[in-house]
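> Sharing a structure below in structure tokens format, with a few things to ask.
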Amino acid sequence: MKLLLSIALLLCLTLTIHAQEISDTSFGKGLINFTAKDSSFSVRFSPRFQLRSISSWDHDGSQYTSPEHNFIVRRARLKFDGFAYSPKLKYKIELGLSNRDLSGANQFNQNTPRYILDAVVMWRFAKNWELWAGQAKLPGNLERVVSSGNLQLIDRSLLNSRFNIDRDLGLQLRHKSDLGNNFIIREKFAISQGEGRNVTEGNEGGLQYTGRLEFLPFGEFKAKGDYVQSDLKREARPKLMLGFTYNYNQNAVRSRSGLGDYMFKNDGSLYETNITTLFVDAMFKYQGFSFMGEYAKRDTDQAIAVDTDGITPTGDIVLIGNAVNLQAGYLFKTNYEIAGRFTSLNYDSVTGNLPTKQYTLGGSRYIVGHKLKIQTDLSYTTLNSNKDNITFRLGFDIHF
């Protein structure tokens with residue numbers, strides 16, 4: 001609460017100072033845009049939130065049960081970004097305020113709410129080179145790195161929820177190569193703690209290593225559209241990005257690499273195993289049509305966690321297997337869009353999880369692009385080829 005009160009006070013002071021000024025910013029470009037007179041720093045403040053209505057019907061083996069309804073604030077976030085001292089030294093701070101953003105308190109983060117999503121500095125130390133330091137999203141699967149504010153459907157797929165590598169604390173080195181004729185290659189490397197965001201008591205286990213290559217054979221997308229779902233810019237020429245990510249979490253102590261449950265032994269120590277995660281993905285856009293495809297695979301040295309005797313199972317199991325996610329949509333010139341998604345999950349038998357498939361059909365009305373939109377989707381899920389669930393969702397997003 002002290003943090004939130006401090007932020008509120010800072011904003012009130014800033015708004016008071018500029019109350020008599022007319023800003024040249026516009027909706028979706030940030031609530032506050034400030035640059036020092038001597039150009040020594042800049043600050044942009046961009047709050048956003050997402051409201052969701054969810055109705056879900058479970059299948060009990062003979063019929064669908066009565067629906068369960070839920071209304072939630074899915075995300076509520078405050079983002080600050082800009083540069084410090086020089087435009088070559090950028091920063092980003094993003095705070096999460098919704099229950100989903102704050103959840104996950106445990107002994108490794110001093111049992112406190114996890115307010116901080118991103119806290120990272122980005123230094124462009126040479127042409128086409130950037131060094132990142134702090135907490136940020138790892139260069140993982142495409143769908144995860146796309147901001148939750150730039151999604152084509154209400155939320156990300158089951159592939160992402162089970163296999164993504166999310167955020168972590170560490171260093172990232174990024175480079176872009178221009179091979180001529182608009183062919184671009186981007187290389188991204190990261191060394192991080194391996195236990196996810198907001199960890200204060202560590203480092204447990206080993207470090208996490210991530211490498212990603214991206215190929216853009218037809219040049220860059222408009223407005224960084226390779227990391228924005230839907231072809232809002234209506235690319236005049238075909239644009240394609242192919243991405244390949246390899247992640248190695250040495251002596252990982254959580255059941256989903258940097259996510260999931262900590263795997264404890266009876267004496268309070270942690271079970272450790274090496275976990276590898278592979279992603280292959282693609283983004284294509286052309287004249288309102290967009291397609292995104294992803295493949296994920298996770299494996300480990302030993303999936304079943306064992307106790308101090310090296311034999312007795314503790315009950316924890318690393319979630320290993322593979323998944324495919326295919327998503328496509330078409331944006332009409334009226335800014336209405338229809339989109340569909342198919343996701344298939346296949347787990348290793350040791351996990352005890354059954355094969356899952358999900359089919360989703362959605363529609364969006366973009367009022368001011370992704371900054372102000374209304375979305376809805378309907379999902380049908382099967383478990384081991386049997387009916388499992390139907391979910392209807394309705395959402396509203398506003399991003400200043």
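Convention: chains lettered A, B, ... in structure tokens order; per-chain residue numbering from 1; ligands numbered from 1 as shown.
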Could you pull out the alpha helix (DSSP H) residues of segment 99-236 of chain A from DSSP and send them as a list in words?

Asn99, Arg100, Asp101, Leu102, Leu142, Glu143, Arg144, Val145, Leu158, Leu159, Asn160, Ser161, Arg162 and Phe163 of chain A

> With 10 Å as the cut-off and only C-alpha atoms counted, what is the closest atom pair between each nearby residue of segment 313-353 of chain A and segment 378-381 of chain A? Distances in Å to one decimal, ordered by chain and number, as CSV.


residue,atom,partner,partner_atom,distance
A:Gly340,CA,A:Leu378,CA,9.6
A:Arg341,CA,A:Ser379,CA,9.0
A:Phe342,CA,A:Ser379,CA,9.6
A:Thr343,CA,A:Thr381,CA,9.4
A:Ser344,CA,A:Thr381,CA,9.8

> Contacts between segment 308-323 of chain A and segment 95-200 of chain A, please, where a residue of segment 95-200 of chain A counts if it comes within 9 Å (with only C-alpha atoms); show its shortest atom pair and distance in Å to one decimal, rows by chain and ascending number, as a tab-separated table.


residue	atom	partner	partner_atom	distance
A:Leu158	CA	A:Ala323	CA	8.6
A:Leu159	CA	A:Ala323	CA	5.8
A:Arg162	CA	A:Leu319	CA	7.9
A:Phe163	CA	A:Ala323	CA	8.2

> Which residues come within 10 Å of Trp123 of chain A, counting only C-alpha atoms, excluding same-chain residues fewer than 4 positions away, as a PyMOL selection string?

chain A and resi 83+86-91+129-133+173

> Could those selected residues go to a file with N, CA and C atoms, as a PDB file, in the first residue's frame?


ATOM      1  N   PHE A  83      13.807   7.207 -21.165  1.00  0.00           N
ATOM      2  CA  PHE A  83      15.263   7.087 -21.180  1.00  0.00           C
ATOM      3  C   PHE A  83      15.849   7.886 -20.030  1.00  0.00           C
ATOM      4  N   SER A  86      20.693   9.462 -21.470  1.00  0.00           N
ATOM      5  CA  SER A  86      20.865   9.454 -22.918  1.00  0.00           C
ATOM      6  C   SER A  86      19.761   8.600 -23.543  1.00  0.00           C
ATOM      7  N   PRO A  87      19.296   8.948 -24.750  1.00  0.00           N
ATOM      8  CA  PRO A  87      18.306   8.091 -25.427  1.00  0.00           C
ATOM      9  C   PRO A  87      18.813   6.671 -25.661  1.00  0.00           C
ATOM     10  N   LYS A  88      20.128   6.464 -25.530  1.00  0.00           N
ATOM     11  CA  LYS A  88      20.681   5.119 -25.701  1.00  0.00           C
ATOM     12  C   LYS A  88      20.476   4.245 -24.462  1.00  0.00           C
ATOM     13  N   LEU A  89      20.083   4.858 -23.349  1.00  0.00           N
ATOM     14  CA  LEU A  89      19.851   4.122 -22.109  1.00  0.00           C
ATOM     15  C   LEU A  89      18.365   4.220 -21.760  1.00  0.00           C
ATOM     16  N   LYS A  90      17.612   3.201 -22.130  1.00  0.00           N
ATOM     17  CA  LYS A  90      16.169   3.173 -21.904  1.00  0.00           C
ATOM     18  C   LYS A  90      15.844   2.337 -20.669  1.00  0.00           C
ATOM     19  N   TYR A  91      14.638   2.513 -20.179  1.00  0.00           N
ATOM     20  CA  TYR A  91      14.189   1.738 -19.028  1.00  0.00           C
ATOM     21  C   TYR A  91      12.699   1.443 -19.152  1.00  0.00           C
ATOM     22  N   TRP A 129      23.129  -3.223 -31.317  1.00  0.00           N
ATOM     23  CA  TRP A 129      23.404  -4.026 -30.134  1.00  0.00           C
ATOM     24  C   TRP A 129      22.720  -3.404 -28.918  1.00  0.00           C
ATOM     25  N   GLU A 130      22.088  -4.259 -28.089  1.00  0.00           N
ATOM     26  CA  GLU A 130      21.484  -3.798 -26.844  1.00  0.00           C
ATOM     27  C   GLU A 130      21.798  -4.791 -25.726  1.00  0.00           C
ATOM     28  N   LEU A 131      22.077  -4.244 -24.545  1.00  0.00           N
ATOM     29  CA  LEU A 131      22.281  -5.056 -23.354  1.00  0.00           C
ATOM     30  C   LEU A 131      21.178  -4.711 -22.361  1.00  0.00           C
ATOM     31  N   TRP A 132      20.443  -5.739 -21.922  1.00  0.00           N
ATOM     32  CA  TRP A 132      19.377  -5.566 -20.949  1.00  0.00           C
ATOM     33  C   TRP A 132      19.837  -6.096 -19.604  1.00  0.00           C
ATOM     34  N   ALA A 133      19.422  -5.426 -18.531  1.00  0.00           N
ATOM     35  CA  ALA A 133      19.720  -5.897 -17.180  1.00  0.00           C
ATOM     36  C   ALA A 133      18.497  -5.661 -16.301  1.00  0.00           C
ATOM     37  N   LEU A 173      21.356 -10.101 -24.027  1.00  0.00           N
ATOM     38  CA  LEU A 173      22.106  -9.446 -25.100  1.00  0.00           C
ATOM     39  C   LEU A 173      21.338  -9.630 -26.400  1.00  0.00           C
TER      40      LEU A 173
END

> Which one is closest to Gln229 of chain A: A:Gln172, A:Thr35, A:Ser364, A:Asn389? Count only C-alpha atoms.

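Looking at the shortest contact to Gln229 of chain A, the residue is A:Ser364.
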
> Atom CA of Gln135 of chain A to atom CA of Glu204 of chain A: how many Å, to one decimal?

16.9 Å

> Between A:Ser53, A:Ser39, A:Asn181, A:Thr25, which has the minimum distance to Phe392 of chain A (counting only C-alpha atoms)?

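The shortest atom-to-atom distance to Phe392 of chain A comes from A:Ser53.
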
> Mind checking DSSP for segment 35-272 of chain A and telling me the strand (DSSP E or B) residues as an NGL selection string?

:A and (35 or 41-59 or 64 or 68-84 or 86-96 or 116-126 or 129-137 or 167-180 or 183-192 or 208-216 or 239-252 or 254-257 or 259-262 or 264 or 270)

> Using only C-alpha atoms, which residue out of A:Lys357, A:Arg298, A:Arg144, A:Arg197 lies closest to Ser257 of chain A?

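Once distances to Ser257 of chain A are computed over only C-alpha atoms, the minimum belongs to A:Arg298.
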
> Would you mind telling me which residue in A:Gly194, A:Gly225, A:Pro217, A:Gly352 lies nearest to Leu259 of chain A when using only C-alpha atoms?

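So, comparing all the options, the nearest one is A:Gly194.
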
> Show me, as a PyMOL selection string, the residues that have an atom within 8 Å of Phe215 of chain A when counting only C-alpha atoms, minus same-chain residues fewer than 3 positions from it.

chain A and resi 183-186+241-243

> For all heavy atoms, I'd like the residues from the last selection saved as an mmCIF file, in the first residue's frame.


data_model
loop_
_atom_site.group_PDB
_atom_site.id
_atom_site.type_symbol
_atom_site.label_atom_id
_atom_site.label_comp_id
_atom_site.auth_asym_id
_atom_site.auth_seq_id
_atom_site.Cartn_x
_atom_site.Cartn_y
_atom_site.Cartn_z
ATOM 1 N N PHE A 183 16.294 -8.661 -45.830
ATOM 2 C CA PHE A 183 16.384 -9.866 -45.006
ATOM 3 C C PHE A 183 17.084 -9.508 -43.683
ATOM 4 O O PHE A 183 18.221 -9.044 -43.671
ATOM 5 C CB PHE A 183 17.174 -10.967 -45.720
ATOM 6 C CG PHE A 183 16.951 -12.338 -45.129
ATOM 7 C CD1 PHE A 183 16.331 -13.327 -45.880
ATOM 8 C CD2 PHE A 183 17.353 -12.640 -43.844
ATOM 9 C CE1 PHE A 183 16.110 -14.598 -45.353
ATOM 10 C CE2 PHE A 183 17.146 -13.893 -43.297
ATOM 11 C CZ PHE A 183 16.530 -14.880 -44.060
ATOM 12 N N ILE A 184 16.378 -9.753 -42.575
ATOM 13 C CA ILE A 184 16.876 -9.373 -41.249
ATOM 14 C C ILE A 184 16.921 -10.594 -40.346
ATOM 15 O O ILE A 184 16.030 -11.440 -40.372
ATOM 16 C CB ILE A 184 15.975 -8.274 -40.631
ATOM 17 C CG1 ILE A 184 16.118 -6.976 -41.440
ATOM 18 C CG2 ILE A 184 16.343 -8.028 -39.168
ATOM 19 C CD1 ILE A 184 15.138 -5.910 -41.055
ATOM 20 N N ILE A 185 17.988 -10.681 -39.557
ATOM 21 C CA ILE A 185 18.111 -11.716 -38.535
ATOM 22 C C ILE A 185 18.299 -11.022 -37.186
ATOM 23 O O ILE A 185 19.085 -10.078 -37.062
ATOM 24 C CB ILE A 185 19.298 -12.654 -38.799
ATOM 25 C CG1 ILE A 185 19.109 -13.398 -40.119
ATOM 26 C CG2 ILE A 185 19.457 -13.666 -37.656
ATOM 27 C CD1 ILE A 185 20.281 -14.304 -40.473
ATOM 28 N N ARG A 186 17.566 -11.494 -36.185
ATOM 29 C CA ARG A 186 17.719 -10.969 -34.834
ATOM 30 C C ARG A 186 18.173 -12.098 -33.908
ATOM 31 O O ARG A 186 17.603 -13.183 -33.948
ATOM 32 C CB ARG A 186 16.411 -10.352 -34.331
ATOM 33 C CG ARG A 186 15.996 -9.114 -35.111
ATOM 34 C CD ARG A 186 14.896 -8.347 -34.424
ATOM 35 N NE ARG A 186 13.650 -9.086 -34.388
ATOM 36 C CZ ARG A 186 12.484 -8.624 -34.858
ATOM 37 N NH1 ARG A 186 12.426 -7.452 -35.459
ATOM 38 N NH2 ARG A 186 11.402 -9.344 -34.754
ATOM 39 N N MET A 241 7.821 -13.639 -39.924
ATOM 40 C CA MET A 241 8.894 -13.842 -38.959
ATOM 41 C C MET A 241 8.894 -15.305 -38.538
ATOM 42 O O MET A 241 7.852 -15.867 -38.184
ATOM 43 C CB MET A 241 8.732 -12.982 -37.707
ATOM 44 C CG MET A 241 9.890 -13.192 -36.720
ATOM 45 S SD MET A 241 9.750 -12.264 -35.177
ATOM 46 C CE MET A 241 8.469 -13.181 -34.340
ATOM 47 N N LEU A 242 10.066 -15.935 -38.574
ATOM 48 C CA LEU A 242 10.252 -17.294 -38.093
ATOM 49 C C LEU A 242 11.177 -17.235 -36.879
ATOM 50 O O LEU A 242 12.247 -16.623 -36.944
ATOM 51 C CB LEU A 242 10.879 -18.181 -39.168
ATOM 52 C CG LEU A 242 10.069 -18.369 -40.450
ATOM 53 C CD1 LEU A 242 10.883 -19.135 -41.483
ATOM 54 C CD2 LEU A 242 8.765 -19.097 -40.160
ATOM 55 N N GLY A 243 10.760 -17.871 -35.777
ATOM 56 C CA GLY A 243 11.537 -17.809 -34.552
ATOM 57 C C GLY A 243 11.861 -19.184 -34.001
ATOM 58 O O GLY A 243 11.068 -20.123 -34.122
#

> Nearest residue to Phe244 of chain A out of A:Glu294, A:Glu272, A:Asp231, A:Asp261, using only C-alpha atoms?

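Counting only C-alpha atoms, the residue closest to Phe244 of chain A is A:Glu294.
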
> So which one's closest to Thr277 of chain A, A:Thr351, A:Asn346, A:Asn141, A:Gln302? Using only C-alpha atoms, please.

A:Asn141

> For Ala282 of chain A, please output as an NGL selection string all residues within 12 Å (counting only C-alpha atoms; exclusion window: fewer than 3 positions along the same chain).

:A and (141-143 or 213-217 or 226-227 or 229 or 239-245 or 279 or 285 or 290-295 or 324-328)
